[in-house]
Amino acid sequence: MHLFRTKPVEQLGNDEGDGRDVGRLRRTLSARHLVGFGIGVVIGTGIFTLTGVEARDTAGPAVVVSFALAGLVALLAALCYAELAAAAPTAGSAYSYAYATAGELVAWVIGWDLFLEFALGAAVVARGWSGYVGNLLDLPTSAFGEESTVNVGAALIVVLLTVVAVLGIRESARVTGALVVVKVAVCVFVVVAGAWFVRGANLTPFVPPSRPEEASGGLAQPVVSAVLGLDPVAFGVGGVLTAAAVVFFAYTGFEAVANLSEETRRPGRDLPLGLLGTLALSTVLYIGVSLVVVGMVPYDRLDRGAPIADAFDQVGLGWAAALIAVAAVAGLTSVILVDLITVSRIGFAMGRDGLLPPAIARVSPRTGTPVRITLAFAALVLVMATFVPLGTLADLVSIGTLFAFLLVSVAVVVLRRTRPDMHRPFRVPLSPLLPGLAALACLYLMLNLSIETWLRFVAWLALGLLVYAAYGYRNSRVGAGSR
């Protein structure tokens with residue numbers, strides 16, 4: 001049963017481990033900074049690419065509904081994050097909450113899972129950034145974009161943003177804030193300017209009739225289709241739900257706000273504002289932009305790679321394409337930066353608990369950031385972004401995020417029963433109903449991902465268990481206290 005030893009809830013917000021080992025993060029962030037980080041990581045690849053792919057191949061104009069459904073699930077999960085983050089403001093978010101509820105082994109699995117989400121997410125987005133910059137500036141495809149053997153553009157942006165992440169959290173907040181202003185302004189421009197070109201005929205039928213999906217059998221089919229013996233379909237209600245599972249990728253990363261709770265000045269007030277403000281603004285922008293895009297151009301004529309810019313080009317506003325490309329670059333830049341910051345904070349929390357070597361999680365007294373763990377993860381992201389084509393692995397980011405969301409939702413219910421006396425500055429309404437709905441919705445979306453995605457996910461978790469058995473179990477601080 002030592003595998004399921006738990007960490008006292010009170011220590012989540014106050015435990016600094018052995019201060020001589022890792023040190024303390026600085027509380028410098030406000031609600032405004034948190035919303036900036038949240039928008040910075042959420043609005044990125046999803047809105048600039050997934051809209052075209054899912055509208056054209058899976059949902060048609062009803063991709064708007066897919067974004068709304070995915071946003072609703074994310075909102076339910078955000079409520080759960082808000083309760084736990086406000087009650088126990090600590091780095092590590094879902095990892096730390098699992099440690100207090102489900103035990104050390106589950107916490108390790110979640111932490112390992114979050115490494116996958118944020119490190120792989122940063123690498124995927126870095127390659128997307130390289131492609132956008134290459135197209136915008138007409139740079140050689142041998143160095144920028146998916147055709148390159150060594151993606152120089154992806155490597156450059158990872159190195160540059162690693163420097164920013166190491167310098168300090170306030171410096172990172174300033175850079176992220178500037179990038180957020182650019183991309184939100186352009187998203188508003190897309191909605192306002194594009195609304196003049198929306199045609200009702202392009203939105204009819206809103207939900208195209210379902211049809212068998214091509215080349216989707218075997219390991220490529222969703223788990224729910226294989227289990228229930230259903231033929232995978234494109235369009236129709238099934239297509240809308242499948243698209244919702246995929247576009248959920250567009251909402252991944254908002255939990256980065258919870259990971260910054262230990263660096264927030266007033267976590268009880270600012271964390272719920274940061275989390276819910278991020279989701280509310282992101283969902284409104286996603287629905288608005290996707291509705292305008294599918295209304296401007298027939299869904300089957302949307303470009304899969306750059307649907308928004310292509311839609312404006314098709315209605316005669318080619319000059320807007322460059323503006324949208326600038327916003328896409330700004331959006332992708334902020335996503336990479338926040339991913340790098342977040343994954344380092346998870347590593348910091350696990351190092352403080354002894355599940356990773358404390359020496360690599362030590363906070364620099366000069367910058368107030370965990371420099372070594374930041375550089376370690378940045379090196380991993382650099383290798384993946386430079387050499388590994390990651391387009392087919394985007395679903396792994398979604399399944400990793402949904403798994404973390406599911407566990408956080410369950411943690412809310414568990415702690416309400418085991419620690420009813422815990423101070424909660426923010427409480428999820430209608431508990432356990434809403435957390436239960438959040439957990440079920442996350443599970444259902446996970447089952448709509450392909451079998452091969454699940455196999456890759458299980459393989460990654462199996463590798464993590466080997467690392468835990470070799471190091472984490474023997475060096476756990478909680479374990480040392482129980483022996």
# chains A, B, ... in the order shown; residues from 1 in each chain; ligands from 1
>>> closest_atom_pairs(of="segment 235-299 of chain A", to="segment 104-127 of chain A", cutoff="10 Å", atoms="only C-alpha atoms", output="JSON lines")
{"residue": "A:Phe249", "atom": "CA", "partner": "A:Gly121", "partner_atom": "CA", "distance": 9.5}
{"residue": "A:Thr252", "atom": "CA", "partner": "A:Glu117", "partner_atom": "CA", "distance": 8.5}
{"residue": "A:Gly253", "atom": "CA", "partner": "A:Phe118", "partner_atom": "CA", "distance": 7.5}
{"residue": "A:Ala256", "atom": "CA", "partner": "A:Phe118", "partner_atom": "CA", "distance": 9.1}
>>> closest_atom_pairs(of="segment 141-227 of chain A", to="segment 453-470 of chain A", cutoff="10 Å", atoms="only C-alpha atoms", output="JSON lines")
{"residue": "A:Leu219", "atom": "CA", "partner": "A:Thr453", "partner_atom": "CA", "distance": 8.5}
{"residue": "A:Ala220", "atom": "CA", "partner": "A:Thr453", "partner_atom": "CA", "distance": 8.3}
{"residue": "A:Gln221", "atom": "CA", "partner": "A:Thr453", "partner_atom": "CA", "distance": 9.8}
{"residue": "A:Pro222", "atom": "CA", "partner": "A:Thr453", "partner_atom": "CA", "distance": 9.1}
{"residue": "A:Val223", "atom": "CA", "partner": "A:Trp454", "partner_atom": "CA", "distance": 8.3}
>>> atom_distance(atom1="atom CA of Val413 of chain A", atom2="atom CA of Leu434 of chain A")
9.7 Å
>>> residues_around(residues="segment 184-197 of chain A", least_positions_apart="4", cutoff="6 Å", atoms="only C-alpha atoms", output="PyMOL selection string")
chain A and resi 180+289+292+296
>>> write_last_selection(atoms="N, CA and C atoms", output="PDB file, in the first residue's frame")
ATOM      1  N   VAL A 180      -0.417  38.185 -26.450  1.00  0.00           N
ATOM      2  CA  VAL A 180      -1.860  37.968 -26.298  1.00  0.00           C
ATOM      3  C   VAL A 180      -2.653  39.126 -26.886  1.00  0.00           C
ATOM      4  N   VAL A 289     -14.976  32.851 -34.205  1.00  0.00           N
ATOM      5  CA  VAL A 289     -14.093  32.697 -35.364  1.00  0.00           C
ATOM      6  C   VAL A 289     -14.528  31.514 -36.227  1.00  0.00           C
ATOM      7  N   VAL A 292     -17.732  32.328 -38.250  1.00  0.00           N
ATOM      8  CA  VAL A 292     -17.470  33.239 -39.361  1.00  0.00           C
ATOM      9  C   VAL A 292     -16.763  32.516 -40.503  1.00  0.00           C
ATOM     10  N   MET A 296     -18.215  32.071 -44.292  1.00  0.00           N
ATOM     11  CA  MET A 296     -17.617  32.802 -45.404  1.00  0.00           C
ATOM     12  C   MET A 296     -17.409  31.928 -46.630  1.00  0.00           C
TER      13      MET A 296
END
>>> atom_distance(atom1="atom CA of Trp129 of chain A", atom2="atom CA of Ile341 of chain A")
17.8 Å
>>> residues_around(residues="Ser476 of chain A", least_positions_apart="4", cutoff="8 Å", atoms="only C-alpha atoms", output="short mmCIF file (atom, residue, chain, number, x, y, z; two decimals) with N, CA and C atoms, in the first residue's frame")
data_model
loop_
_atom_site.label_atom_id
_atom_site.label_comp_id
_atom_site.auth_asym_id
_atom_site.auth_seq_id
_atom_site.Cartn_x
_atom_site.Cartn_y
_atom_site.Cartn_z
N ASP A 353 9.30 16.90 -4.08
CA ASP A 353 8.77 15.72 -3.37
C ASP A 353 9.71 14.54 -3.40
N GLY A 354 10.84 14.67 -4.11
CA GLY A 354 11.82 13.60 -4.16
C GLY A 354 11.57 12.57 -5.24
N LEU A 355 10.50 12.72 -6.03
CA LEU A 355 10.22 11.75 -7.09
C LEU A 355 11.13 11.94 -8.29
N GLY A 472 11.84 7.10 -8.25
CA GLY A 472 10.88 7.84 -7.45
C GLY A 472 10.44 7.13 -6.19
N ALA A 480 9.87 8.49 2.78
CA ALA A 480 10.89 8.54 3.83
C ALA A 480 10.24 8.82 5.17
#
>>> select_by_dssp(residues="segment 162-342 of chain A", states="strand (DSSP E)", output="list in words")
Arg211, Pro212, Val233 and Ala234 of chain A
>>> atom_distance(atom1="atom CA of Leu136 of chain A", atom2="atom CA of Phe37 of chain A")
25.3 Å
>>> closest_atom_pairs(of="segment 160-275 of chain A", to="segment 92-95 of chain A", cutoff="9 Å", atoms="only C-alpha atoms", output="JSON lines")
{"residue": "A:Glu255", "atom": "CA", "partner": "A:Ser93", "partner_atom": "CA", "distance": 7.5}
{"residue": "A:Ala256", "atom": "CA", "partner": "A:Ser93", "partner_atom": "CA", "distance": 8.2}
{"residue": "A:Val257", "atom": "CA", "partner": "A:Ser93", "partner_atom": "CA", "distance": 8.9}
{"residue": "A:Ala258", "atom": "CA", "partner": "A:Ser93", "partner_atom": "CA", "distance": 5.6}
{"residue": "A:Asn259", "atom": "CA", "partner": "A:Ser93", "partner_atom": "CA", "distance": 5.1}
{"residue": "A:Leu260", "atom": "CA", "partner": "A:Gly92", "partner_atom": "CA", "distance": 8.4}
{"residue": "A:Ser261", "atom": "CA", "partner": "A:Ser93", "partner_atom": "CA", "distance": 8.2}
>>> write_last_selection(atoms="N, CA and C atoms", output="short mmCIF file (atom, residue, chain, number, x, y, z; two decimals), in the first residue's frame")
data_model
loop_
_atom_site.label_atom_id
_atom_site.label_comp_id
_atom_site.auth_asym_id
_atom_site.auth_seq_id
_atom_site.Cartn_x
_atom_site.Cartn_y
_atom_site.Cartn_z
N GLU A 255 -4.85 24.60 -17.88
CA GLU A 255 -4.44 24.21 -16.54
C GLU A 255 -3.06 24.74 -16.19
N ALA A 256 -2.38 25.32 -17.18
CA ALA A 256 -1.11 26.00 -16.88
C ALA A 256 -1.32 27.09 -15.84
N VAL A 257 -2.51 27.68 -15.83
CA VAL A 257 -2.83 28.72 -14.84
C VAL A 257 -2.73 28.14 -13.43
N ALA A 258 -3.29 26.93 -13.24
CA ALA A 258 -3.22 26.30 -11.92
C ALA A 258 -1.79 25.98 -11.53
N ASN A 259 -0.95 25.67 -12.51
CA ASN A 259 0.45 25.38 -12.22
C ASN A 259 1.21 26.60 -11.72
N LEU A 260 0.66 27.78 -11.96
CA LEU A 260 1.32 29.01 -11.52
C LEU A 260 0.78 29.50 -10.18
N SER A 261 -0.02 28.66 -9.50
CA SER A 261 -0.67 29.11 -8.27
C SER A 261 0.32 29.44 -7.17
#
>>> closest_residue(among="A:Phe254, A:Phe405, A:Tyr473, A:Phe387", to="Glu147 of chain A", atoms="only C-alpha atoms")
A:Phe387
>>> residues_around(residues="Asn135 of chain A", least_positions_apart="4", cutoff="10 Å", atoms="only C-alpha atoms", output="number ranges by chain")
A: 129-131, 139-141, 144-145, 322, 325
>>> residues_around(residues="Ala379 of chain A", least_positions_apart="4", cutoff="12 Å", atoms="only C-alpha atoms", output="list in words")
Ala119, Ala122, Ala123, Ala155, Val158, Val159, Leu161, Thr162, Leu340, Ser344, Arg372, Ile373, Thr374, Leu375, Val383, Met384, Ala385 and Thr386 of chain A
>>> residues_around(residues="Tyr444 of chain A", least_positions_apart="2", cutoff="10 Å", atoms="only C-alpha atoms", output="ChimeraX atom specification")
/A:223-224,241,245,402,438-442,446-449
>>> write_last_selection(atoms="N, CA and C atoms", output="PDB file, in the first residue's frame")
ATOM      1  N   VAL A 223     -11.995   4.422 -30.151  1.00  0.00           N
ATOM      2  CA  VAL A 223     -12.222   3.301 -29.241  1.00  0.00           C
ATOM      3  C   VAL A 223     -13.706   3.012 -29.098  1.00  0.00           C
ATOM      4  N   VAL A 224     -14.517   4.068 -28.996  1.00  0.00           N
ATOM      5  CA  VAL A 224     -15.948   3.859 -28.785  1.00  0.00           C
ATOM      6  C   VAL A 224     -16.572   3.114 -29.967  1.00  0.00           C
ATOM      7  N   LEU A 241     -19.360  14.885 -32.593  1.00  0.00           N
ATOM      8  CA  LEU A 241     -18.758  14.434 -31.334  1.00  0.00           C
ATOM      9  C   LEU A 241     -17.289  14.055 -31.522  1.00  0.00           C
ATOM     10  N   ALA A 245     -13.857  15.860 -29.766  1.00  0.00           N
ATOM     11  CA  ALA A 245     -12.710  15.228 -29.105  1.00  0.00           C
ATOM     12  C   ALA A 245     -11.395  15.739 -29.674  1.00  0.00           C
ATOM     13  N   LEU A 402      -7.018  15.239 -21.190  1.00  0.00           N
ATOM     14  CA  LEU A 402      -8.302  14.714 -20.719  1.00  0.00           C
ATOM     15  C   LEU A 402      -8.111  13.791 -19.523  1.00  0.00           C
ATOM     16  N   ALA A 438     -18.133  16.339 -15.372  1.00  0.00           N
ATOM     17  CA  ALA A 438     -16.839  16.665 -15.977  1.00  0.00           C
ATOM     18  C   ALA A 438     -16.023  15.395 -16.204  1.00  0.00           C
ATOM     19  N   ALA A 439     -15.990  14.503 -15.207  1.00  0.00           N
ATOM     20  CA  ALA A 439     -15.225  13.260 -15.332  1.00  0.00           C
ATOM     21  C   ALA A 439     -15.786  12.382 -16.443  1.00  0.00           C
ATOM     22  N   LEU A 440     -17.102  12.244 -16.500  1.00  0.00           N
ATOM     23  CA  LEU A 440     -17.715  11.410 -17.534  1.00  0.00           C
ATOM     24  C   LEU A 440     -17.502  11.998 -18.923  1.00  0.00           C
ATOM     25  N   ALA A 441     -17.611  13.329 -19.039  1.00  0.00           N
ATOM     26  CA  ALA A 441     -17.406  13.970 -20.340  1.00  0.00           C
ATOM     27  C   ALA A 441     -15.972  13.783 -20.819  1.00  0.00           C
ATOM     28  N   CYS A 442     -15.015  13.922 -19.910  1.00  0.00           N
ATOM     29  CA  CYS A 442     -13.611  13.712 -20.285  1.00  0.00           C
ATOM     30  C   CYS A 442     -13.385  12.271 -20.738  1.00  0.00           C
ATOM     31  N   MET A 446     -12.197  10.963 -24.435  1.00  0.00           N
ATOM     32  CA  MET A 446     -11.031  10.089 -24.570  1.00  0.00           C
ATOM     33  C   MET A 446     -11.372   8.860 -25.423  1.00  0.00           C
ATOM     34  N   LEU A 447     -12.575   8.312 -25.223  1.00  0.00           N
ATOM     35  CA  LEU A 447     -12.977   7.123 -25.968  1.00  0.00           C
ATOM     36  C   LEU A 447     -13.243   7.427 -27.436  1.00  0.00           C
ATOM     37  N   ASN A 448     -13.385   8.702 -27.779  1.00  0.00           N
ATOM     38  CA  ASN A 448     -13.564   9.084 -29.175  1.00  0.00           C
ATOM     39  C   ASN A 448     -12.230   9.259 -29.901  1.00  0.00           C
ATOM     40  N   LEU A 449     -11.125   9.113 -29.186  1.00  0.00           N
ATOM     41  CA  LEU A 449      -9.809   9.142 -29.826  1.00  0.00           C
ATOM     42  C   LEU A 449      -9.457   7.736 -30.304  1.00  0.00           C
TER      43      LEU A 449
END
